[in-house]
Every structure is written in structure tokens, then in C-alpha cells.
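Source file: input_14.txt. Holds: compact mmCIF, C-alpha atoms.
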# COMPACT_ATOMS: atom_id res chain seq x y z
CA MET A 1 18.13 -93.12 -10.83
CA THR A 2 14.77 -93.00 -9.17
CA SER A 3 12.59 -89.90 -9.09
CA SER A 4 13.13 -89.50 -5.36
CA CYS A 5 16.89 -89.53 -5.88
CA LEU A 6 16.66 -86.94 -8.64
CA ARG A 7 14.65 -84.56 -6.42
CA SER A 8 17.25 -84.92 -3.66
CA PHE A 9 20.10 -84.37 -6.11
CA SER A 10 18.50 -81.26 -7.63
CA ARG A 11 18.33 -79.62 -4.22
CA ILE A 12 22.15 -79.68 -4.15
CA ILE A 13 23.06 -79.12 -7.84
CA PRO A 14 20.39 -77.77 -10.17
CA LEU A 15 19.98 -79.95 -13.20
CA PRO A 16 20.16 -78.40 -16.70
CA GLY A 17 16.83 -76.86 -17.66
CA SER A 18 15.53 -76.91 -14.11
CA ARG A 19 14.68 -73.72 -12.11
CA PRO A 20 16.11 -73.26 -8.68
CA LYS A 21 13.41 -72.86 -6.10
CA VAL A 22 15.17 -69.96 -4.37
CA ASN A 23 12.68 -67.05 -3.90
CA ASN A 24 14.42 -63.92 -5.25
CA MET A 25 11.35 -61.59 -5.22
CA LYS A 26 12.11 -60.03 -1.84
CA LEU A 27 15.69 -59.32 -2.91
CA MET A 28 14.54 -57.72 -6.16
CA ASN A 29 12.05 -55.51 -4.28
CA LYS A 30 14.78 -54.30 -1.96
CA ILE A 31 17.04 -53.47 -4.87
CA SER A 32 14.28 -51.49 -6.67
CA VAL A 33 13.47 -49.47 -3.55
CA PHE A 34 17.08 -48.39 -3.02
CA PRO A 35 17.31 -45.87 -5.96
CA ALA A 36 14.02 -44.21 -4.94
CA LEU A 37 15.22 -43.89 -1.36
CA LEU A 38 18.52 -42.44 -2.57
CA LEU A 39 16.74 -39.82 -4.68
CA ALA A 40 14.55 -38.87 -1.73
CA LEU A 41 17.51 -38.37 0.60
CA LEU A 42 19.73 -36.55 -1.89
CA PRO A 43 17.97 -33.12 -1.60
CA LEU A 44 18.51 -33.21 2.16
CA LEU A 45 22.24 -32.90 1.52
CA LEU A 46 21.59 -29.53 -0.15
CA LEU A 47 19.66 -28.07 2.78
CA THR A 48 21.58 -25.82 5.15
CA GLY A 49 19.29 -26.29 8.11
CA CYS A 50 18.51 -23.57 10.68
CA TRP A 51 22.02 -22.18 10.77
CA ASP A 52 20.83 -18.60 11.42
CA ASN A 53 17.85 -19.27 13.66
CA VAL A 54 17.13 -16.89 16.52
CA GLU A 55 14.82 -17.87 19.35
CA LEU A 56 11.66 -15.78 19.73
CA ASN A 57 12.63 -14.55 23.19
CA ARG A 58 15.82 -13.17 21.67
CA ARG A 59 14.02 -11.07 19.06
CA ALA A 60 12.83 -7.46 19.32
CA ILE A 61 9.75 -7.22 17.09
CA VAL A 62 9.80 -3.94 15.13
CA SER A 63 6.31 -2.68 14.25
CA GLY A 64 7.25 0.59 12.55
CA VAL A 65 10.24 2.50 11.20
CA ALA A 66 10.69 6.27 10.88
CA ILE A 67 13.34 7.57 8.48
CA ASP A 68 14.63 11.14 8.93
CA ARG A 69 17.37 13.17 7.28
CA GLY A 70 20.36 13.54 9.54
CA PRO A 71 22.27 16.83 10.00
CA THR A 72 25.42 15.71 8.14
CA GLU A 73 26.45 13.29 5.40
CA ALA A 74 28.11 11.10 8.05
CA GLU A 75 24.68 10.83 9.70
CA LYS A 76 22.57 11.11 6.55
CA TYR A 77 19.99 8.56 7.68
CA ARG A 78 18.37 8.61 11.09
CA LEU A 79 16.31 5.46 11.64
CA SER A 80 13.89 5.17 14.56
CA PHE A 81 12.51 1.70 15.33
CA GLN A 82 9.26 1.24 17.23
CA VAL A 83 9.77 -2.01 19.14
CA ILE A 84 6.92 -3.90 20.79
CA VAL A 85 7.32 -4.73 24.48
CA ALA A 86 5.59 -8.11 24.41
CA GLU A 87 5.11 -8.38 28.19
CA GLU A 88 3.07 -5.16 28.27
CA ILE A 89 0.90 -6.20 25.32
CA SER A 90 0.07 -9.68 26.57
CA GLY A 91 -0.55 -8.60 30.16
CA GLU A 92 1.63 -11.36 31.57
CA ASN A 93 4.42 -10.08 33.79
CA ALA A 94 3.40 -6.51 32.90
CA ARG A 95 5.38 -3.81 34.67
CA GLY A 96 3.11 -0.87 33.81
CA ILE A 97 5.57 0.67 31.38
CA SER A 98 5.05 1.83 27.78
CA PRO A 99 3.88 -0.96 25.41
CA VAL A 100 6.47 0.15 22.85
CA ALA A 101 10.02 1.41 22.97
CA MET A 102 11.93 3.40 20.38
CA TYR A 103 15.57 2.99 19.40
CA THR A 104 17.37 5.33 17.02
CA GLY A 105 20.48 4.80 14.91
CA THR A 106 22.34 7.01 12.43
CA GLY A 107 24.68 6.31 9.57
CA ARG A 108 25.82 7.13 6.05
CA THR A 109 23.59 4.38 4.72
CA MET A 110 20.38 2.72 5.86
CA PHE A 111 22.19 -0.49 6.82
CA GLU A 112 24.79 1.39 8.87
CA ALA A 113 21.99 3.18 10.74
CA LEU A 114 20.34 -0.19 11.44
CA ALA A 115 23.61 -1.55 12.78
CA ASP A 116 24.01 1.52 15.00
CA ALA A 117 20.51 1.08 16.46
CA SER A 118 21.06 -2.63 17.08
CA ARG A 119 23.91 -1.84 19.48
CA GLN A 120 21.40 -0.21 21.83
CA THR A 121 19.14 -3.23 22.26
CA ALA A 122 19.61 -6.47 24.16
CA ARG A 123 17.77 -8.39 21.41
CA PHE A 124 18.01 -8.80 17.66
CA LEU A 125 15.94 -6.25 15.73
CA SER A 126 13.41 -8.29 13.73
CA LEU A 127 12.05 -6.41 10.68
CA GLY A 128 9.73 -9.12 9.39
CA HIS A 129 6.65 -7.59 11.09
CA VAL A 130 7.08 -3.94 10.09
CA ARG A 131 3.62 -2.59 9.22
CA VAL A 132 4.43 1.09 8.64
CA LEU A 133 7.32 3.13 7.23
CA VAL A 134 7.27 6.90 7.68
CA VAL A 135 9.69 9.05 5.68
CA SER A 136 10.30 12.70 6.56
CA GLU A 137 9.28 15.34 4.02
CA GLU A 138 12.84 16.70 3.97
CA LEU A 139 14.27 13.34 2.94
CA ALA A 140 11.43 12.71 0.47
CA ARG A 141 12.19 15.95 -1.36
CA GLU A 142 15.84 14.93 -1.56
CA GLY A 143 15.00 11.48 -2.98
CA ILE A 144 13.95 8.05 -1.71
CA LYS A 145 15.53 5.70 -4.27
CA ASP A 146 18.22 4.54 -1.82
CA ILE A 147 15.56 3.75 0.78
CA LEU A 148 13.53 1.73 -1.72
CA ASP A 149 16.62 -0.20 -2.83
CA VAL A 150 17.28 -1.35 0.73
CA LEU A 151 13.64 -2.28 1.34
CA GLU A 152 13.50 -4.34 -1.85
CA ARG A 153 16.88 -5.98 -1.32
CA GLU A 154 16.64 -6.90 2.37
CA SER A 155 15.07 -10.33 2.86
CA ASP A 156 13.69 -9.52 6.32
CA THR A 157 11.53 -6.59 5.21
CA ARG A 158 8.10 -6.84 3.59
CA LEU A 159 7.06 -5.00 0.43
CA THR A 160 3.48 -4.97 1.75
CA SER A 161 4.38 -2.50 4.53
CA LEU A 162 2.45 0.77 4.33
CA ILE A 163 4.45 3.90 3.57
CA PHE A 164 3.70 7.50 4.61
CA ILE A 165 5.34 10.92 4.32
CA ALA A 166 5.59 12.97 7.52
CA LYS A 167 3.96 16.28 6.71
CA GLY A 168 6.00 19.22 7.98
CA GLN A 169 7.55 17.46 10.98
CA PRO A 170 10.18 14.83 11.81
CA ALA A 171 9.10 11.27 11.10
CA HIS A 172 10.24 9.99 14.50
CA GLU A 173 7.60 12.12 16.26
CA LEU A 174 4.90 9.99 14.64
CA MET A 175 6.49 6.82 16.01
CA SER A 176 6.46 8.24 19.54
CA THR A 177 2.82 9.36 19.82
CA MET A 178 0.62 7.35 22.17
CA THR A 179 -2.86 6.70 20.77
CA VAL A 180 -6.26 5.96 22.31
CA PHE A 181 -7.56 3.07 20.24
CA SER A 182 -4.42 0.95 20.12
CA LYS A 183 -1.56 0.31 22.50
CA ILE A 184 0.78 0.24 19.51
CA PRO A 185 0.82 3.62 17.69
CA VAL A 186 1.57 2.00 14.33
CA ASN A 187 -1.58 -0.13 14.53
CA ASP A 188 -3.66 2.99 15.14
CA LEU A 189 -2.22 4.53 11.98
CA VAL A 190 -3.02 1.42 9.92
CA GLU A 191 -6.61 1.30 11.18
CA LYS A 192 -7.15 5.00 10.47
CA LEU A 193 -6.01 4.52 6.90
CA GLU A 194 -8.33 1.56 6.42
CA THR A 195 -11.25 3.59 7.80
CA THR A 196 -10.65 6.69 5.71
CA SER A 197 -10.08 4.65 2.53
CA LYS A 198 -13.48 2.97 2.90
CA GLN A 199 -15.54 5.93 4.03
CA PHE A 200 -15.44 9.65 3.34
CA GLY A 201 -11.74 9.94 2.48
CA TYR A 202 -9.35 10.13 -0.46
CA ASN A 203 -6.39 8.41 1.20
CA PHE A 204 -5.85 4.76 0.28
CA ARG A 205 -3.44 1.89 0.92
CA MET A 206 -0.03 2.65 -0.53
CA GLU A 207 2.51 -0.14 -0.01
CA VAL A 208 6.26 -0.15 -0.59
CA ASP A 209 5.82 -2.25 -3.73
CA ASP A 210 3.36 0.32 -5.14
CA VAL A 211 5.90 3.09 -4.60
CA ILE A 212 8.68 1.11 -6.30
CA ARG A 213 6.48 0.60 -9.37
CA GLY A 214 5.49 4.28 -9.30
CA VAL A 215 9.12 5.42 -9.32
CA GLN A 216 9.68 3.42 -12.51
CA LEU A 217 6.77 5.15 -14.28
CA THR A 218 8.14 7.02 -17.30
CA GLY A 219 7.63 10.76 -16.83
CA GLY A 220 5.76 10.26 -13.59
CA GLY A 221 6.16 8.97 -10.06
CA PRO A 222 4.26 7.62 -7.08
CA ILE A 223 1.79 9.34 -4.79
CA ILE A 224 2.13 8.65 -1.05
CA ASN A 225 -0.20 9.37 1.87
CA GLY A 226 0.68 12.20 4.20
CA VAL A 227 0.54 11.95 7.99
CA PHE A 228 1.09 14.44 10.80
CA THR A 229 0.24 15.06 14.43
CA SER A 230 -1.92 17.92 15.68
CA GLY A 231 -1.85 19.43 19.15
CA SER A 232 0.83 19.84 21.77
CA ARG A 233 3.83 17.54 21.62
CA GLU A 234 4.29 17.83 25.39
CA GLY A 235 3.54 14.43 26.90
CA ALA A 236 2.59 12.95 23.50
CA ASP A 237 5.02 10.08 24.01
CA THR A 238 3.64 9.07 27.43
CA ASN A 239 0.37 7.66 28.77
CA ASP A 240 -0.54 11.20 29.89
CA ASN A 241 -1.71 11.74 26.29
CA LEU A 242 -4.52 9.26 26.93
CA LYS A 243 -5.77 10.40 30.33
CA SER A 244 -8.03 13.25 29.15
CA ILE A 245 -11.19 13.19 27.06
CA SER A 246 -9.46 15.28 24.41
CA PRO A 247 -5.98 13.82 23.72
CA LYS A 248 -3.26 16.46 23.63
CA ASN A 249 -1.81 15.06 20.43
CA ILE A 250 -3.56 13.11 17.65
CA LEU A 251 -2.24 11.22 14.63
CA ARG A 252 -3.92 12.44 11.45
CA ILE A 253 -3.82 11.20 7.86
CA SER A 254 -4.25 13.96 5.30
CA GLY A 255 -2.92 15.00 1.91
CA LEU A 256 -1.06 13.15 -0.82
CA ALA A 257 2.64 13.65 -1.54
CA ALA A 258 3.18 13.92 -5.32
CA PHE A 259 6.49 12.66 -6.74
CA LYS A 260 8.46 13.03 -9.95
CA ASP A 261 10.66 9.93 -10.23
CA ASP A 262 11.85 9.43 -6.63
CA LYS A 263 11.69 13.07 -5.50
CA MET A 264 8.70 14.69 -3.82
CA LYS A 265 7.39 17.78 -5.64
CA GLY A 266 4.53 18.95 -3.45
CA TRP A 267 1.30 18.21 -1.61
CA LEU A 268 -2.15 17.49 -3.01
CA ASP A 269 -5.18 18.49 -0.93
CA GLY A 270 -8.85 19.15 -1.51
CA ASP A 271 -10.16 18.81 -5.07
CA ALA A 272 -6.71 18.03 -6.51
CA ALA A 273 -6.22 15.11 -4.13
CA LEU A 274 -9.74 13.76 -4.62
CA GLY A 275 -9.50 14.06 -8.40
CA THR A 276 -6.17 12.22 -8.39
CA VAL A 277 -7.60 9.29 -6.45
CA LEU A 278 -10.68 9.22 -8.70
CA LEU A 279 -8.43 8.85 -11.74
CA HIS A 280 -6.66 5.95 -10.02
CA ASN A 281 -10.00 4.30 -9.10
CA LYS A 282 -8.85 3.90 -5.50
CA ILE A 283 -11.75 5.56 -3.71
CA LYS A 284 -14.65 3.60 -2.23
CA GLU A 285 -17.11 6.36 -1.33
CA PHE A 286 -16.88 10.05 -0.64
CA PRO A 287 -19.10 13.06 0.15
CA VAL A 288 -19.93 15.78 -2.37
CA VAL A 289 -21.57 19.09 -1.49
CA ILE A 290 -23.25 21.24 -4.13
CA LYS A 291 -25.15 24.52 -3.94
CA ASP A 292 -28.83 24.61 -4.89
CA LYS A 293 -30.64 27.40 -6.69
CA GLU A 294 -32.03 28.76 -3.41
CA GLY A 295 -28.58 29.35 -1.98
CA GLY A 296 -28.58 26.32 0.30
CA TYR A 297 -26.52 23.15 0.11
CA LEU A 298 -27.15 19.51 -0.71
CA SER A 299 -24.94 16.66 0.45
CA PHE A 300 -24.41 13.49 -1.56
CA ASN A 301 -22.65 10.26 -0.82
CA VAL A 302 -21.04 8.89 -3.99
CA TYR A 303 -20.86 5.20 -3.18
CA GLN A 304 -19.80 3.94 -6.59
CA SER A 305 -17.36 5.60 -8.97
CA GLN A 306 -15.67 4.12 -12.01
CA VAL A 307 -13.23 6.13 -14.13
CA THR A 308 -11.83 4.75 -17.38
CA LEU A 309 -8.98 6.37 -19.33
CA LYS A 310 -8.58 5.97 -23.07
CA ALA A 311 -6.37 7.63 -25.66
CA ALA A 312 -7.47 8.70 -29.13
CA VAL A 313 -4.33 8.77 -31.25
CA THR A 314 -4.12 10.05 -34.79
CA ASP A 315 -0.86 11.86 -34.17
CA PRO A 316 1.29 10.59 -31.23
CA GLU A 317 2.56 14.14 -30.74
CA HIS A 318 -1.00 15.34 -30.08
CA PRO A 319 -2.91 12.55 -28.28
CA VAL A 320 -6.38 13.10 -26.84
CA ILE A 321 -7.02 11.59 -23.41
CA ILE A 322 -10.67 10.61 -22.88
CA VAL A 323 -11.86 10.41 -19.26
CA LYS A 324 -15.03 8.33 -18.90
CA ILE A 325 -16.79 8.73 -15.54
CA ARG A 326 -19.72 6.68 -14.23
CA GLN A 327 -21.04 7.35 -10.72
CA GLN A 328 -23.93 6.40 -8.47
CA ALA A 329 -24.93 8.53 -5.50
CA ALA A 330 -27.46 8.96 -2.71
CA ILE A 331 -28.83 12.21 -1.31
CA LYS A 332 -27.84 12.52 2.35
CA GLU A 333 -28.92 16.07 3.14
CA SER A 334 -31.47 18.33 1.49
CA ALA A 335 -32.79 20.93 3.92
CA ASN A 336 -34.63 22.92 1.27
CA SER A 337 -37.86 23.05 -0.72
CA LEU A 338 -36.68 20.98 -3.71
CA ASP A 339 -39.16 18.40 -4.95
CA LEU A 340 -37.00 15.28 -4.91
CA THR A 341 -39.80 13.19 -6.40
CA SER A 342 -39.51 15.11 -9.68
CA PRO A 343 -37.38 13.44 -12.39
CA GLU A 344 -36.47 16.89 -13.75
CA VAL A 345 -35.13 18.01 -10.37
CA LEU A 346 -33.08 14.82 -9.94
CA GLU A 347 -31.70 15.14 -13.45
CA GLY A 348 -30.59 18.69 -12.71
CA LEU A 349 -28.89 17.59 -9.50
CA SER A 350 -27.15 14.78 -11.41
CA GLU A 351 -25.73 17.34 -13.84
CA GLN A 352 -24.45 19.43 -10.96
CA LEU A 353 -22.89 16.34 -9.40
CA THR A 354 -21.20 15.48 -12.70
CA GLY A 355 -19.89 19.03 -12.99
CA GLU A 356 -18.39 18.81 -9.50
CA THR A 357 -16.56 15.59 -10.38
CA ILE A 358 -15.17 17.07 -13.61
CA LYS A 359 -13.98 20.11 -11.63
CA GLN A 360 -12.11 17.83 -9.20
CA ILE A 361 -10.42 15.88 -11.98
CA LYS A 362 -9.45 19.08 -13.78
CA ALA A 363 -7.85 20.29 -10.53
CA ALA A 364 -5.89 17.03 -10.35
CA ILE A 365 -4.65 17.42 -13.93
CA ALA A 366 -3.65 21.05 -13.31
CA SER A 367 -1.61 20.06 -10.23
CA ALA A 368 0.14 17.23 -12.09
CA ARG A 369 1.10 19.60 -14.88
CA GLU A 370 2.33 22.14 -12.34
CA PHE A 371 4.59 19.48 -10.80
CA LYS A 372 5.59 18.28 -14.32
CA SER A 373 4.89 14.71 -13.29
CA ASP A 374 2.51 12.26 -14.94
CA TYR A 375 1.61 10.33 -11.78
CA LEU A 376 -1.94 10.21 -13.21
CA GLY A 377 -0.92 7.51 -15.70
CA PHE A 378 -1.80 9.26 -18.99
CA GLY A 379 1.44 7.98 -20.52
CA GLN A 380 0.56 4.41 -19.57
CA VAL A 381 -2.78 4.78 -21.37
CA LEU A 382 -1.01 5.98 -24.52
CA GLN A 383 1.50 3.13 -24.27
CA ARG A 384 -1.28 0.53 -24.11
CA THR A 385 -3.32 2.12 -26.90
CA HIS A 386 -0.53 2.98 -29.32
CA PRO A 387 2.79 1.23 -28.44
CA ARG A 388 4.60 2.44 -31.56
CA GLY A 389 3.49 6.00 -31.00
CA TRP A 390 4.60 5.83 -27.39
CA LYS A 391 8.14 4.91 -28.49
CA GLN A 392 8.23 8.10 -30.52
CA VAL A 393 7.19 10.41 -27.69
CA LYS A 394 8.33 8.78 -24.43
CA ASP A 395 11.63 10.70 -24.39
CA HIS A 396 9.79 14.04 -24.39
CA TRP A 397 6.49 12.95 -22.84
CA GLU A 398 6.76 15.67 -20.20
CA ASP A 399 6.21 18.36 -22.87
CA ILE A 400 3.31 16.48 -24.47
CA PHE A 401 1.66 15.78 -21.11
CA ALA A 402 1.70 19.49 -20.29
CA ALA A 403 -0.41 20.37 -23.33
CA CYS A 404 -2.36 17.27 -24.44
CA GLU A 405 -6.12 17.61 -24.84
CA VAL A 406 -8.39 15.99 -22.25
CA GLN A 407 -12.05 15.22 -22.97
CA PHE A 408 -14.73 14.14 -20.51
CA ASP A 409 -17.60 11.68 -20.83
CA ALA A 410 -19.34 11.86 -17.46
CA ASP A 411 -22.63 10.59 -16.10
CA ALA A 412 -23.98 10.39 -12.53
CA VAL A 413 -27.15 8.68 -11.36
CA ILE A 414 -28.92 9.50 -8.08
CA ARG A 415 -30.22 6.11 -7.00
CA HIS A 416 -32.12 7.01 -3.83
CA THR A 417 -32.79 9.64 -1.18
CA ASP A 418 -32.40 7.35 1.85
CA MET A 419 -35.27 7.21 4.39
CA ARG A 420 -37.43 9.98 2.91
CA SER A 421 -37.88 11.93 -0.31
CA ASN A 422 -38.84 15.59 0.27
CA SER A 423 -37.76 17.42 3.38
CA PHE A 424 -40.31 17.84 6.19
CA GLN A 425 -39.63 21.59 5.92
CA ILE A 426 -41.61 21.86 2.70
CA ASN A 427 -44.90 23.64 3.36
CA LYS A 428 -47.94 21.58 2.39
Represent the supplied structure as C-alpha cells.
Amino acid sequence: MTSSCLRSFSRIIPLPGSRPKVNNMKLMNKISVFPALLLALLPLLLLTGCWDNVELNRRAIVSGVAIDRGPTEAEKYRLSFQVIVAEEISGENARGISPVAMYTGTGRTMFEALADASRQTARFLSLGHVRVLVVSEELAREGIKDILDVLERESDTRLTSLIFIAKGQPAHELMSTMTVFSKIPVNDLVEKLETTSKQFGYNFRMEVDDVIRGVQLTGGGPIINGVFTSGSREGADTNDNLKSISPKNILRISGLAAFKDDKMKGWLDGDAALGTVLLHNKIKEFPVVIKDKEGGYLSFNVYQSQVTLKAAVTDPEHPVIIVKIRQQAAIKESANSLDLTSPEVLEGLSEQLTGETIKQIKAAIASAREFKSDYLGFGQVLQRTHPRGWKQVKDHWEDIFAACEVQFDADAVIRHTDMRSNSFQINK
């Protein structure tokens, strides 16, 4: 058989030992791609899709929630929701009405009260944008653990929402107070807290998650900012509150609510509040006023403060808490004849400044012992320093906290006197 015949024959029946000239590479590539494609599509079968989606124009955006104690157990929780009226905020299709509306629901539980309030609105209450929660003092003294459980369990709420205690008045009044600097009252409250926490104030950001962790503190509890309104309540919930130079009613942040476990025990103000925040290292800068030898006053701005807590433990039943304080300050007011260029004078003022800080922290410790609550974190310091000793005393830490020794290691440095040294009132 000739070679040409063999080539023709092999096209029909492959001869032994010969390779068919069929190109199988494309087929093999397709087969290898199939498992990868299958693995990529398999997770899609597990996705549920947007089965519970709600269009934006069907949502009522809740900016703040007020929680009051109802008159009966059947209406134990009274929830007031501050809802944003989007048309009035954006300016499009505005009707000249209030930029927020408030809806209130009651129930035996928080969820039942939410359901009751939702029946009053034409849209779904959306809790994903809640910035502020205000709890009434009455309910806080009774206990807030049920409230915290709902906030932590509900997927729509945020643990970064700020929490306040209404000081001596119903919480819903704070949600219905029109403010000058923001169309939404809740936003005004948030901005005031940010301002006071950065300059001249002892209040600081306290989020829901911080409170939950504070409640779990052995022998202690959280501290929560207080808020109230001053002035006449007449017309406070209308735009009439904004039409005069002096608003009739103003939202104010003041005081700290001290807790033992989940129950409020009392209010901290003045030196006790400032000393508490100093121990927590939550203060940015604050003013201090001391009296000079001539009977006048000097004002300082403490712009840097660092407090460190340590525990000296030889006997866990008698620990010694060491408070180390380091501060830097500037003289802001000195209308007297003191020679501020003298190192001896500045050293004396530094000692007075240190003494004032120690006095504030002592006031904070005295208040905590009065409330029988270690919200200052002394027990945490002992636990970190001496874990085995802490296991021996944690069941009766309240008794040890009431009598443990506290030592101070304080130092303050006056860095500058601002734009001038001595006062122009000094006679030359």
C-alpha cells in the first residue's frame, strides 16, 4: 500500500500506534472550567435576596427615641419617636410645617410599645439612624437592663447611639424642644455634647455599648450624661421658641448619672463629676480657678491631663490604689500683682493647681463610696494587677472599695501665660 493510501486510510480508521489528529484541547478547557463555575454559583443558592426590602419613600427615619415610665404595668414603657420630615429638611415640596414629628407608643415591653407607635404612622419606623436615646430618671432608677437587652438584640438599632438621662423631667419633653442651631432637636443635642466634651466641660460621649459594658462591671456600673431643658415649656415644641433673641426653652447637658449595676443611684455635679471624668481620662480640657494669696483669683486652662491607676497589693483584702496625675496648663486670667516671670511663683501656683485636682478626685471617690458603686474602675485595676487576689475579694469588693487606701502622685506644669506674662495692672 502506498504512503498516500495509508494517509487516506488513517483518516477513517486510526492505525495502531498512530495519534488521531482530533484537537481535544478546547473540550478539555471547557470541562475544567465547569467545576469552577459551579462553585461560584453555588453560594448564590444560599442567598435569600431582598425579601424584606422597604423602599426609602416608605420609611419614616427615626432620629431619636425617648423612653419614659408609664403609669401602669400594662403601659410600663412609653416610647416617643422623633421622626424626620424629609420634605421640610431638604426644602423641596416644603409645606412650612415642623421638620420633625413625634409618635408615642406604650406597652408592657419595649417591642410592644414600638408596635403600638407604628400603628400611628403611614410609614415603617426605621431605627437604623437613631442618634440619641433619652431615658427618664424615674425609669433609670428602676433599672435599664431590659432596655439594653432590646437595644443589643434588635438588628435595626445601633450600639453607637448616644444615651442620656433626663434630669428631673419626662424624657419625651427633650424630644419635642425646637432648637436654634439645628432643625432636628436631636442633632443639636449631639453637637452640644461634642462641644462640651472638647472644651470647658466634663460631659463626654457615652454610647449604648459603653453602658452595656459598664453594667457588667463587677461592683460598679456605668455613668451616663444628664440632660434637661431650662425655661418655659410653653411653645417649646413649636417654631415660636426660635423667634426671639432669647429662646424660651433651651436644651442643656449637665451632670452625670451614677449607676450601680443597671440602677441609677444619684447625680454627680461639680468637683465630683469632674474628678470622675478625670479618673476615666475622658476630658480634653477644662478650666480651674484658684485663689491667690492676695484674695483674688487666677484662672487656668488645663489642656492636657493624664491619670493612671495602679494597685499595690501585698494583701488582697487591703489593696492600695495609686493615682498618678500628670497635667499641663496655661494661665488665662491673672488680674493681680503676681510676678509670673518668677520660677518660684509659678512653682507655687503649680502646687495649688495640683491640690485642686486632688480635691476633685477625692470628691469623686467620696461620691462613689456614698453610692456604694465602683464605677471608677478600682476593681478593674486590682483585677489586672493581681488576678488571683481579685478572685478572693470580688464577691465582697463593695466592702473593700469603701475602705481601701488611695495614694496620690500628682504633678502639674504651667507651660505658658498666653499673650503676656505679668498683668498690666502691676505698678512699675
Give me the residues within 9 Å of A:Lys183 as a list in words, counting only C-alpha atoms and dropping any in the same chain fewer than 2 places off.
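Near neighbours after the sequence-gap exclusion: Ile89, Ser98, Pro99, Val100, Met178, Thr179, Val180, Phe181, Pro185, Val186, Asn187 and Asp188 of chain A.
Closest approach to A:Gly201 among A:Lys324, A:Arg384, A:Lys282, A:Arg123: A:Lys282, based on all atoms listed in the file.
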Fewer than 2 positions away in the same chain doesn't count, so skip those; otherwise give me all residues within 7 Å of A:Arg78, counting only C-alpha atoms, as a VMD selection string.
chain A and resid 67 to 70 75 to 76 80 104 to 107 113
Do you know which residues lie at most 12 Å from (5.9, 13.4, -22.8), with coordinates as in the file and all atoms listed in the file counted, and could you write them as a ChimeraX atom specification?
/A:217-220,316-319,369,372-374,377-380,382-383,389-404
Hey, what's within 12 Å of A:Val83 if we count all atoms listed in the file and toss same-chain stuff fewer than 6 positions away? As an MDAnalysis selection string, please?
chainID A and resid 59:66 89 98:104 117:118 121:127 129:131 175:176 184:186
Between A:Leu79, A:Leu353, A:Leu159, A:Ile212, which is the closest to A:Ala329 once you count only C-alpha atoms?
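Ranked by minimum distance to A:Ala329, first place goes to A:Leu353.
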Within 12 Å of stretch 288-301 of chain A, which residues of stretch 220-278 of chain A show up? Give each one with its shortest atom-to-atom distance in Å (one decimal) and the two atoms involved, counting only C-alpha atoms, rows by chain then rising residue number, as JSON lines.
{"residue": "A:Gly270", "atom": "CA", "partner": "A:Val288", "partner_atom": "CA", "distance": 11.6}
{"residue": "A:Asp271", "atom": "CA", "partner": "A:Val288", "partner_atom": "CA", "distance": 10.6}
{"residue": "A:Leu274", "atom": "CA", "partner": "A:Val288", "partner_atom": "CA", "distance": 10.6}
Shortest interatomic distance to A:Gln199 - which of A:Ala40, A:Ala363, A:Val302, A:Leu340, counting all atoms listed in the file
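Among the listed residues, the smallest separation from A:Gln199 belongs to A:Val302.
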Which of these residues is nearest to A:Leu346, using only C-alpha atoms: A:Lys359, A:His416, A:Arg388, A:Arg158?
A:His416
State, in Å with one decimal place, the distance from atom CA of A:Phe371 to atom CA of A:Pro387.
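That distance, rounded to one decimal, is 25.4 Å.
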Within 6 Å of A:Phe200 using only C-alpha atoms, minus same-chain residues under 3 positions, as a list in words:
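The residues that qualify are Glu285, Phe286 and Pro287 of chain A.
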I'd like the interatomic distance between atom CA of A:Asn249 and atom CA of A:Ile144, to a tenth of an Å.
28.1 Å
May I ask for the distance between atom CA of A:Leu251 and atom CA of A:Leu151, given in Å to one decimal place?
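A separation of 24.7 Å between them.
You can rank A:Ile321, A:Arg213, A:Phe204, A:Asp261 by their closest distance to A:Val277 using only C-alpha atoms, and at the top of that list sits A:Phe204.
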Dig up all the protein and nucleic acid residues within 7 Å of (-27.0, 12.4, -14.9) in the file frame, using only C-alpha atoms, and format them as a list in words.
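Residues lying no farther than 7 Å from the given point: Glu347, Ser350, Glu351, Thr354, Asp411, Ala412 and Val413 of chain A.
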